[in-house]
$ cat model13.pdb   # PDB, C-alpha atoms, pLDDT in the B column
MODEL        1
ATOM      1  CA  MET A 234     -33.712 -17.269  11.111  1.00 53.00           C
ATOM      2  CA  ALA A 235     -36.792 -18.677   9.396  1.00 58.00           C
ATOM      3  CA  ASN A 236     -40.065 -18.372  11.195  1.00 68.00           C
ATOM      4  CA  LYS A 237     -42.576 -21.171  11.773  1.00 68.00           C
ATOM      5  CA  THR A 238     -44.798 -20.321   8.804  1.00 70.00           C
ATOM      6  CA  ASP A 239     -41.859 -20.397   6.387  1.00 74.00           C
ATOM      7  CA  ILE A 240     -40.964 -23.929   7.491  1.00 75.00           C
ATOM      8  CA  ILE A 241     -44.583 -25.086   7.181  1.00 78.00           C
ATOM      9  CA  GLU A 242     -44.814 -23.569   3.689  1.00 79.00           C
ATOM     10  CA  LEU A 243     -41.580 -25.286   2.687  1.00 76.00           C
ATOM     11  CA  LEU A 244     -42.908 -28.632   3.946  1.00 75.00           C
ATOM     12  CA  LYS A 245     -46.235 -28.175   2.120  1.00 78.00           C
ATOM     13  CA  LYS A 246     -44.455 -27.193  -1.075  1.00 80.00           C
ATOM     14  CA  ASN A 247     -42.154 -30.269  -1.000  1.00 78.00           C
ATOM     15  CA  LEU A 248     -44.536 -32.775   0.601  1.00 79.00           C
ATOM     16  CA  LYS A 249     -44.471 -35.257  -2.287  1.00 80.00           C
ATOM     17  CA  TYR A 250     -40.655 -35.324  -2.272  1.00 80.00           C
ATOM     18  CA  ILE A 251     -40.535 -35.739   1.487  1.00 79.00           C
ATOM     19  CA  LEU A 252     -43.045 -38.604   1.305  1.00 82.00           C
ATOM     20  CA  LEU A 253     -41.092 -40.233  -1.538  1.00 81.00           C
ATOM     21  CA  ILE A 254     -37.875 -40.057   0.488  1.00 81.00           C
ATOM     22  CA  LEU A 255     -39.602 -41.512   3.561  1.00 81.00           C
ATOM     23  CA  ILE A 256     -41.076 -44.372   1.509  1.00 83.00           C
ATOM     24  CA  LEU A 257     -37.681 -45.109  -0.027  1.00 77.00           C
ATOM     25  CA  LEU A 258     -36.060 -45.091   3.412  1.00 77.00           C
ATOM     26  CA  ILE A 259     -38.674 -47.529   4.734  1.00 78.00           C
ATOM     27  CA  VAL A 260     -38.516 -49.860   1.730  1.00 77.00           C
ATOM     28  CA  PHE A 261     -34.745 -49.835   1.288  1.00 77.00           C
ATOM     29  CA  HIS A 262     -33.643 -49.433   4.930  1.00 76.00           C
ATOM     30  CA  GLU A 263     -31.631 -52.647   4.893  1.00 80.00           C
ATOM     31  CA  TYR A 264     -29.674 -51.670   1.780  1.00 86.00           C
ATOM     32  CA  ILE A 265     -29.001 -48.234   3.201  1.00 86.00           C
ATOM     33  CA  LEU A 266     -27.818 -49.875   6.413  1.00 86.00           C
ATOM     34  CA  ILE A 267     -25.499 -52.199   4.463  1.00 89.00           C
ATOM     35  CA  ILE A 268     -24.035 -49.274   2.510  1.00 90.00           C
ATOM     36  CA  VAL A 269     -23.450 -47.191   5.650  1.00 90.00           C
ATOM     37  CA  LEU A 270     -21.848 -50.100   7.538  1.00 92.00           C
ATOM     38  CA  PHE A 271     -19.841 -51.106   4.481  1.00 92.00           C
ATOM     39  CA  GLY A 272     -18.442 -47.574   4.231  1.00 92.00           C
ATOM     40  CA  PHE A 273     -17.655 -47.352   7.941  1.00 92.00           C
ATOM     41  CA  MET A 274     -15.961 -50.756   8.039  1.00 92.00           C
ATOM     42  CA  LEU A 275     -14.101 -50.071   4.797  1.00 92.00           C
ATOM     43  CA  VAL A 276     -12.541 -46.940   6.290  1.00 91.00           C
ATOM     44  CA  MET A 277     -11.824 -48.758   9.572  1.00 90.00           C
ATOM     45  CA  GLY A 278     -10.207 -51.634   7.646  1.00 89.00           C
ATOM     46  CA  LEU A 279      -8.041 -49.409   5.447  1.00 89.00           C
ATOM     47  CA  LEU A 280      -6.832 -47.434   8.448  1.00 88.00           C
ATOM     48  CA  SER A 281      -5.977 -50.593  10.367  1.00 85.00           C
ATOM     49  CA  LEU A 282      -3.997 -51.969   7.394  1.00 85.00           C
ATOM     50  CA  ARG A 283      -2.131 -48.691   7.043  1.00 84.00           C
ATOM     51  CA  PHE A 284      -1.258 -48.719  10.749  1.00 80.00           C
ATOM     52  CA  SER A 285      -0.117 -52.336  10.487  1.00 75.00           C
ATOM     53  CA  LYS A 286       2.266 -51.388   7.676  1.00 74.00           C
ATOM     54  CA  VAL A 287       3.787 -48.525   9.662  1.00 70.00           C
ATOM     55  CA  VAL A 288       4.635 -50.638  12.716  1.00 67.00           C
ATOM     56  CA  PRO A 289       6.677 -53.745  11.771  1.00 64.00           C
ATOM     57  CA  HIS A 290       5.428 -57.164  12.935  1.00 62.00           C
ATOM     58  CA  ILE A 291       2.233 -55.664  14.333  1.00 67.00           C
ATOM     59  CA  SER A 292      -0.958 -56.707  12.665  1.00 69.00           C
ATOM     60  CA  ILE A 293      -4.277 -55.209  13.639  1.00 79.00           C
ATOM     61  CA  GLU A 294      -6.381 -55.493  10.511  1.00 83.00           C
ATOM     62  CA  THR A 295     -10.128 -55.289  11.070  1.00 88.00           C
ATOM     63  CA  ILE A 296     -11.281 -56.486   7.650  1.00 90.00           C
ATOM     64  CA  SER A 297     -11.544 -60.162   8.646  1.00 90.00           C
ATOM     65  CA  ALA A 298     -13.643 -59.227  11.661  1.00 91.00           C
ATOM     66  CA  SER A 299     -15.921 -57.085   9.527  1.00 93.00           C
ATOM     67  CA  ALA A 300     -16.213 -59.922   6.998  1.00 94.00           C
ATOM     68  CA  VAL A 301     -17.369 -62.255   9.795  1.00 94.00           C
ATOM     69  CA  PHE A 302     -19.897 -59.581  10.800  1.00 94.00           C
ATOM     70  CA  PHE A 303     -21.289 -59.207   7.262  1.00 95.00           C
ATOM     71  CA  GLY A 304     -21.284 -62.960   6.716  1.00 95.00           C
ATOM     72  CA  TYR A 305     -23.082 -63.576   9.994  1.00 95.00           C
ATOM     73  CA  ILE A 306     -25.829 -61.054   9.284  1.00 93.00           C
ATOM     74  CA  TRP A 307     -26.231 -60.988   5.497  1.00 92.00           C
ATOM     75  CA  GLY A 308     -24.774 -64.287   4.323  1.00 91.00           C
ATOM     76  CA  TRP A 309     -21.600 -65.745   2.919  1.00 95.00           C
ATOM     77  CA  LYS A 310     -21.670 -63.851  -0.394  1.00 95.00           C
ATOM     78  CA  LEU A 311     -21.537 -60.419   1.206  1.00 94.00           C
ATOM     79  CA  GLY A 312     -19.105 -61.624   3.891  1.00 95.00           C
ATOM     80  CA  PHE A 313     -16.732 -63.114   1.324  1.00 96.00           C
ATOM     81  CA  ALA A 314     -17.038 -60.143  -1.039  1.00 95.00           C
ATOM     82  CA  PHE A 315     -16.334 -57.630   1.726  1.00 95.00           C
ATOM     83  CA  GLY A 316     -13.352 -59.570   3.078  1.00 94.00           C
ATOM     84  CA  PHE A 317     -11.704 -60.375  -0.239  1.00 94.00           C
ATOM     85  CA  ILE A 318     -12.360 -57.140  -2.135  1.00 93.00           C
ATOM     86  CA  THR A 319     -11.666 -54.808   0.783  1.00 93.00           C
ATOM     87  CA  GLY A 320      -8.604 -56.801   1.824  1.00 91.00           C
ATOM     88  CA  LEU A 321      -7.135 -56.840  -1.654  1.00 91.00           C
ATOM     89  CA  ALA A 322      -7.965 -53.162  -2.235  1.00 90.00           C
ATOM     90  CA  GLY A 323      -6.460 -52.287   1.145  1.00 89.00           C
ATOM     91  CA  TYR A 324      -3.207 -54.076   0.436  1.00 87.00           C
ATOM     92  CA  ILE A 325      -3.001 -52.465  -2.996  1.00 88.00           C
ATOM     93  CA  TYR A 326      -3.759 -49.090  -1.391  1.00 85.00           C
ATOM     94  CA  ILE A 327      -0.853 -49.392   1.033  1.00 85.00           C
ATOM     95  CA  GLY A 328       1.417 -50.768  -1.700  1.00 81.00           C
ATOM     96  CA  LEU A 329       1.941 -54.186  -0.201  1.00 77.00           C
ATOM     97  CA  VAL A 330       1.031 -56.711  -2.865  1.00 80.00           C
ATOM     98  CA  LYS A 331       2.754 -60.055  -2.572  1.00 82.00           C
ATOM     99  CA  LEU A 332       1.680 -63.669  -2.362  1.00 83.00           C
ATOM    100  CA  THR A 333       1.066 -63.538   1.409  1.00 78.00           C
ATOM    101  CA  THR A 334      -1.190 -60.485   1.136  1.00 81.00           C
ATOM    102  CA  ILE A 335      -3.210 -61.991  -1.719  1.00 87.00           C
ATOM    103  CA  THR A 336      -3.577 -65.164   0.334  1.00 87.00           C
ATOM    104  CA  LYS A 337      -4.512 -63.083   3.386  1.00 85.00           C
ATOM    105  CA  SER A 338      -7.211 -61.359   1.310  1.00 89.00           C
ATOM    106  CA  LEU A 339      -8.675 -64.740   0.380  1.00 92.00           C
ATOM    107  CA  LEU A 340      -8.604 -65.752   4.038  1.00 91.00           C
ATOM    108  CA  MET A 341     -10.368 -62.492   4.947  1.00 91.00           C
ATOM    109  CA  GLY A 342     -13.138 -63.517   2.583  1.00 94.00           C
ATOM    110  CA  PHE A 343     -13.125 -67.025   4.050  1.00 94.00           C
ATOM    111  CA  SER A 344     -13.746 -65.466   7.469  1.00 93.00           C
ATOM    112  CA  GLY A 345     -16.980 -64.048   6.078  1.00 94.00           C
ATOM    113  CA  ILE A 346     -17.998 -67.510   4.910  1.00 95.00           C
ATOM    114  CA  LEU A 347     -17.292 -68.919   8.376  1.00 95.00           C
ATOM    115  CA  GLY A 348     -19.459 -66.212   9.966  1.00 94.00           C
ATOM    116  CA  ALA A 349     -22.336 -67.196   7.681  1.00 95.00           C
ATOM    117  CA  ILE A 350     -21.893 -70.906   8.408  1.00 96.00           C
ATOM    118  CA  PHE A 351     -22.034 -70.392  12.170  1.00 96.00           C
ATOM    119  CA  ALA A 352     -25.065 -68.118  11.809  1.00 95.00           C
ATOM    120  CA  MET A 353     -26.859 -70.841   9.829  1.00 95.00           C
ATOM    121  CA  ILE A 354     -25.974 -73.442  12.463  1.00 95.00           C
ATOM    122  CA  GLY A 355     -27.531 -71.200  15.112  1.00 94.00           C
ATOM    123  CA  PHE A 356     -24.554 -69.851  17.055  1.00 95.00           C
ATOM    124  CA  LYS A 357     -24.881 -66.503  18.786  1.00 95.00           C
ATOM    125  CA  PHE A 358     -22.735 -63.727  17.315  1.00 93.00           C
ATOM    126  CA  VAL A 359     -19.858 -63.680  19.826  1.00 93.00           C
ATOM    127  CA  PRO A 360     -19.202 -67.463  19.865  1.00 94.00           C
ATOM    128  CA  ALA A 361     -19.531 -67.554  16.067  1.00 94.00           C
ATOM    129  CA  PHE A 362     -17.028 -64.713  15.838  1.00 92.00           C
ATOM    130  CA  MET A 363     -14.521 -66.396  18.144  1.00 92.00           C
ATOM    131  CA  ILE A 364     -14.786 -69.831  16.514  1.00 93.00           C
ATOM    132  CA  SER A 365     -14.452 -68.249  13.063  1.00 93.00           C
ATOM    133  CA  PHE A 366     -11.176 -66.681  14.125  1.00 88.00           C
ATOM    134  CA  LEU A 367      -9.921 -69.863  15.756  1.00 90.00           C
ATOM    135  CA  ILE A 368     -10.453 -71.785  12.517  1.00 93.00           C
ATOM    136  CA  SER A 369      -9.177 -68.967  10.320  1.00 90.00           C
ATOM    137  CA  SER A 370      -6.021 -68.469  12.419  1.00 87.00           C
ATOM    138  CA  ASN A 371      -4.998 -72.089  12.347  1.00 89.00           C
ATOM    139  CA  LEU A 372      -5.737 -72.360   8.628  1.00 90.00           C
ATOM    140  CA  SER A 373      -3.773 -69.162   8.004  1.00 86.00           C
ATOM    141  CA  TYR A 374      -0.721 -70.441   9.861  1.00 86.00           C
ATOM    142  CA  PHE A 375      -0.860 -73.725   7.958  1.00 88.00           C
ATOM    143  CA  ILE A 376      -1.158 -71.980   4.571  1.00 88.00           C
ATOM    144  CA  PHE A 377       1.458 -69.310   5.356  1.00 83.00           C
ATOM    145  CA  SER A 378       3.924 -72.055   6.294  1.00 84.00           C
ATOM    146  CA  PHE A 379       3.908 -73.107   2.634  1.00 86.00           C
ATOM    147  CA  ILE A 380       4.267 -69.561   1.317  1.00 82.00           C
ATOM    148  CA  SER A 381       6.984 -68.149   3.564  1.00 75.00           C
ATOM    149  CA  SER A 382       9.665 -69.629   5.769  1.00 78.00           C
ATOM    150  CA  ASP A 383       9.634 -66.555   8.048  1.00 78.00           C
ATOM    151  CA  LYS A 384       8.042 -67.992  11.203  1.00 80.00           C
ATOM    152  CA  LEU A 385       7.562 -64.582  12.845  1.00 79.00           C
ATOM    153  CA  GLU A 386       5.731 -63.185   9.814  1.00 75.00           C
ATOM    154  CA  ASN A 387       3.592 -66.327   9.634  1.00 76.00           C
ATOM    155  CA  LEU A 388       2.669 -66.020  13.319  1.00 78.00           C
ATOM    156  CA  VAL A 389       1.831 -62.336  12.964  1.00 74.00           C
ATOM    157  CA  HIS A 390      -0.323 -62.884   9.868  1.00 70.00           C
ATOM    158  CA  ALA A 391      -2.078 -65.901  11.352  1.00 75.00           C
ATOM    159  CA  TYR A 392      -2.512 -65.065  15.024  1.00 79.00           C
ATOM    160  CA  GLY A 393      -1.751 -61.353  15.466  1.00 76.00           C
ATOM    161  CA  ASP A 394      -4.834 -60.257  13.550  1.00 74.00           C
ATOM    162  CA  SER A 395      -6.981 -62.766  15.382  1.00 79.00           C
ATOM    163  CA  ILE A 396      -5.846 -61.754  18.853  1.00 81.00           C
ATOM    164  CA  PHE A 397      -6.516 -58.078  18.101  1.00 79.00           C
ATOM    165  CA  SER A 398      -9.862 -58.889  16.495  1.00 81.00           C
ATOM    166  CA  VAL A 399     -11.102 -61.119  19.307  1.00 81.00           C
ATOM    167  CA  ILE A 400      -9.965 -58.806  22.113  1.00 85.00           C
ATOM    168  CA  ILE A 401     -10.761 -55.371  20.654  1.00 84.00           C
ATOM    169  CA  THR A 402     -12.635 -55.393  17.338  1.00 85.00           C
ATOM    170  CA  MET A 403     -15.192 -57.945  18.533  1.00 87.00           C
ATOM    171  CA  GLN A 404     -16.335 -55.526  21.254  1.00 88.00           C
ATOM    172  CA  LEU A 405     -17.104 -52.790  18.718  1.00 89.00           C
ATOM    173  CA  LEU A 406     -18.753 -55.172  16.266  1.00 89.00           C
ATOM    174  CA  ASN A 407     -20.859 -56.734  19.025  1.00 89.00           C
ATOM    175  CA  ILE A 408     -22.210 -53.276  19.920  1.00 91.00           C
ATOM    176  CA  ILE A 409     -22.947 -52.603  16.240  1.00 90.00           C
ATOM    177  CA  TYR A 410     -24.585 -56.040  15.969  1.00 90.00           C
ATOM    178  CA  ILE A 411     -26.844 -55.326  18.954  1.00 91.00           C
ATOM    179  CA  LEU A 412     -27.876 -52.001  17.399  1.00 90.00           C
ATOM    180  CA  VAL A 413     -28.369 -53.409  13.884  1.00 88.00           C
ATOM    181  CA  GLN A 414     -30.097 -56.689  14.737  1.00 86.00           C
ATOM    182  CA  PRO A 415     -33.609 -55.219  15.158  1.00 81.00           C
ATOM    183  CA  LEU A 416     -33.315 -53.529  11.740  1.00 78.00           C
ATOM    184  CA  VAL A 417     -32.527 -56.660   9.705  1.00 76.00           C
TER     185      VAL A 417
ENDMDL
END

$ encode --input "model13.pdb" --output "structure tokens"
Amino acid sequence: MANKTDIIELLKKNLKYILLILILLIVFHEYILIIVLFGFMLVMGLLSLRFSKVVPHISIETISASAVFFGYIWGWKLGFAFGFITGLAGYIYIGLVKLTTITKSLLMGFSGILGAIFAMIGFKFVPAFMISFLISSNLSYFIFSFISSDKLENLVHAYGDSIFSVIITMQLLNIIYILVQPLV
């Protein structure tokens, strides 16, 4: 085990690098935060899509909820990009590319836009989240009615995700929002 003088010597020797890293962390903290949250929510979203594929007529995707989160905090561009790109990549990853999944990916991005709109209007996070899903669910059901005649699939795609997101995912994202809010 290194003694105290070895650690002090190491710090003195690398002081300029340590200071550079600290300055970069201070200056770019928001971008680092976005990258870390993006990675976490990407993994969470891909896992939820994979689970949804395994269990028929169960839909628990978390990408739309994360898109609302990003849209609410960092604006519609990041919210839409996260929802659409992650949703499309997730469906490609699990091998489920069809018209409904492409449409669902667009609606995931639209959820991010809704989050940004309600943030600009001045809604608190939780009401903005819930209203975003209310609008997105009804729009999804309406759009899916034109794409597929399978009523059960349309209900699952439109309302199943929303129910899971509002009851469970919102709790996690609200905790993350409370922790992140002072940093942005």

$ residues_around --input "model13.pdb" --residues "range 273-280 of chain A" --least-positions-apart "3" --cutoff "10 Å" --atoms "all atoms listed in the file" --output "VMD selection string"
chain A and resid 267 to 270 283 to 286 293 to 300 315 to 316 319 to 320 322 to 324 326 to 327 406

$ resolve_selection --input "model13.pdb" --expression "the PyMOL selection byres ((chain A and resi 375-390) around 9)" --output "PyMOL selection string"
chain A and resi 290-292+332-333+336-337+370-374+391-395

$ atom_distance --input "model13.pdb" --atom1 "CA of Ser369 in chain A" --atom2 "CA of Phe313 in chain A"
13.1 Å

$ atom_distance --input "model13.pdb" --atom1 "CA of Ser365 in chain A" --atom2 "CA of Gly342 in chain A"
11.6 Å

$ resolve_selection --input "model13.pdb" --expression "the PyMOL selection byres ((chain A and resi 407) around 12)" --output "compact mmCIF listing (two decimals) with C-alpha atoms, in the coordinates of the input"
# COMPACT_ATOMS: atom_id res chain seq x y z
CA ALA A 298 -13.64 -59.23 11.66
CA SER A 299 -15.92 -57.08 9.53
CA VAL A 301 -17.37 -62.26 9.80
CA PHE A 302 -19.90 -59.58 10.80
CA TYR A 305 -23.08 -63.58 9.99
CA ILE A 306 -25.83 -61.05 9.28
CA LYS A 357 -24.88 -66.50 18.79
CA PHE A 358 -22.74 -63.73 17.32
CA VAL A 359 -19.86 -63.68 19.83
CA PRO A 360 -19.20 -67.46 19.86
CA ALA A 361 -19.53 -67.55 16.07
CA PHE A 362 -17.03 -64.71 15.84
CA MET A 363 -14.52 -66.40 18.14
CA SER A 398 -9.86 -58.89 16.50
CA VAL A 399 -11.10 -61.12 19.31
CA ILE A 400 -9.96 -58.81 22.11
CA ILE A 401 -10.76 -55.37 20.65
CA THR A 402 -12.64 -55.39 17.34
CA MET A 403 -15.19 -57.94 18.53
CA GLN A 404 -16.34 -55.53 21.25
CA LEU A 405 -17.10 -52.79 18.72
CA LEU A 406 -18.75 -55.17 16.27
CA ILE A 408 -22.21 -53.28 19.92
CA ILE A 409 -22.95 -52.60 16.24
CA TYR A 410 -24.58 -56.04 15.97
CA ILE A 411 -26.84 -55.33 18.95
CA LEU A 412 -27.88 -52.00 17.40
CA VAL A 413 -28.37 -53.41 13.88
CA GLN A 414 -30.10 -56.69 14.74

$ closest_residue --input "model13.pdb" --among "A:Leu257, A:Met341, A:Leu367, A:Val417" --to "Ile318 in chain A" --atoms "only C-alpha atoms"
A:Met341

$ atom_distance --input "model13.pdb" --atom1 "CA of Leu243 in chain A" --atom2 "CA of Ile259 in chain A"
22.5 Å

$ axis_aligned_box --input "model13.pdb" --around "range 257-263 of chain A" --padding-each-side "3 Å" --output "AutoDock Vina command-line options"
--center_x -35.2 --center_y -48.9 --center_z 2.5 --size_x 13.0 --size_y 13.6 --size_z 11.0

$ decode --input "model13.pdb" --residues "range 270-318 of chain A" --atoms "C-alpha atoms" --output "PDB file, in the first residue's frame"
ATOM      1  CA  LEU A 270     -28.089  10.205 -18.392  1.00  0.00           C
ATOM      2  CA  PHE A 271     -28.348   9.451 -22.100  1.00  0.00           C
ATOM      3  CA  GLY A 272     -26.330   6.262 -21.597  1.00  0.00           C
ATOM      4  CA  PHE A 273     -28.321   5.183 -18.546  1.00  0.00           C
ATOM      5  CA  MET A 274     -31.683   5.830 -20.203  1.00  0.00           C
ATOM      6  CA  LEU A 275     -30.545   4.209 -23.446  1.00  0.00           C
ATOM      7  CA  VAL A 276     -29.730   0.980 -21.610  1.00  0.00           C
ATOM      8  CA  MET A 277     -32.974   1.201 -19.604  1.00  0.00           C
ATOM      9  CA  GLY A 278     -34.948   1.769 -22.825  1.00  0.00           C
ATOM     10  CA  LEU A 279     -33.331  -1.097 -24.737  1.00  0.00           C
ATOM     11  CA  LEU A 280     -33.908  -3.490 -21.854  1.00  0.00           C
ATOM     12  CA  SER A 281     -37.550  -2.470 -21.545  1.00  0.00           C
ATOM     13  CA  LEU A 282     -38.105  -2.992 -25.297  1.00  0.00           C
ATOM     14  CA  ARG A 283     -36.454  -6.397 -25.130  1.00  0.00           C
ATOM     15  CA  PHE A 284     -38.667  -7.396 -22.197  1.00  0.00           C
ATOM     16  CA  SER A 285     -41.743  -6.149 -24.050  1.00  0.00           C
ATOM     17  CA  LYS A 286     -40.874  -8.382 -27.007  1.00  0.00           C
ATOM     18  CA  VAL A 287     -40.472 -11.464 -24.818  1.00  0.00           C
ATOM     19  CA  VAL A 288     -43.886 -11.154 -23.157  1.00  0.00           C
ATOM     20  CA  PRO A 289     -46.704 -10.874 -25.744  1.00  0.00           C
ATOM     21  CA  HIS A 290     -49.147  -7.949 -25.461  1.00  0.00           C
ATOM     22  CA  ILE A 291     -47.156  -6.393 -22.628  1.00  0.00           C
ATOM     23  CA  SER A 292     -45.565  -3.075 -23.345  1.00  0.00           C
ATOM     24  CA  ILE A 293     -43.313  -1.383 -20.840  1.00  0.00           C
ATOM     25  CA  GLU A 294     -41.002   0.738 -22.950  1.00  0.00           C
ATOM     26  CA  THR A 295     -39.290   3.575 -21.102  1.00  0.00           C
ATOM     27  CA  ILE A 296     -37.972   5.499 -24.105  1.00  0.00           C
ATOM     28  CA  SER A 297     -41.005   7.799 -24.396  1.00  0.00           C
ATOM     29  CA  ALA A 298     -40.733   8.672 -20.717  1.00  0.00           C
ATOM     30  CA  SER A 299     -37.037   9.414 -21.070  1.00  0.00           C
ATOM     31  CA  ALA A 300     -37.763  11.541 -24.149  1.00  0.00           C
ATOM     32  CA  VAL A 301     -40.236  13.610 -22.099  1.00  0.00           C
ATOM     33  CA  PHE A 302     -37.527  13.970 -19.439  1.00  0.00           C
ATOM     34  CA  PHE A 303     -34.887  15.166 -21.928  1.00  0.00           C
ATOM     35  CA  GLY A 304     -37.372  17.428 -23.686  1.00  0.00           C
ATOM     36  CA  TYR A 305     -38.507  18.955 -20.409  1.00  0.00           C
ATOM     37  CA  ILE A 306     -34.983  19.727 -19.226  1.00  0.00           C
ATOM     38  CA  TRP A 307     -32.934  20.333 -22.378  1.00  0.00           C
ATOM     39  CA  GLY A 308     -35.497  21.216 -25.031  1.00  0.00           C
ATOM     40  CA  TRP A 309     -37.444  19.652 -27.849  1.00  0.00           C
ATOM     41  CA  LYS A 310     -34.446  18.870 -30.078  1.00  0.00           C
ATOM     42  CA  LEU A 311     -32.765  16.597 -27.554  1.00  0.00           C
ATOM     43  CA  GLY A 312     -36.114  15.131 -26.453  1.00  0.00           C
ATOM     44  CA  PHE A 313     -37.138  14.328 -30.023  1.00  0.00           C
ATOM     45  CA  ALA A 314     -33.691  13.017 -30.973  1.00  0.00           C
ATOM     46  CA  PHE A 315     -33.516  10.732 -27.940  1.00  0.00           C
ATOM     47  CA  GLY A 316     -37.034   9.373 -28.444  1.00  0.00           C
ATOM     48  CA  PHE A 317     -36.847   8.809 -32.187  1.00  0.00           C
ATOM     49  CA  ILE A 318     -33.259   7.584 -32.518  1.00  0.00           C
TER      50      ILE A 318
END
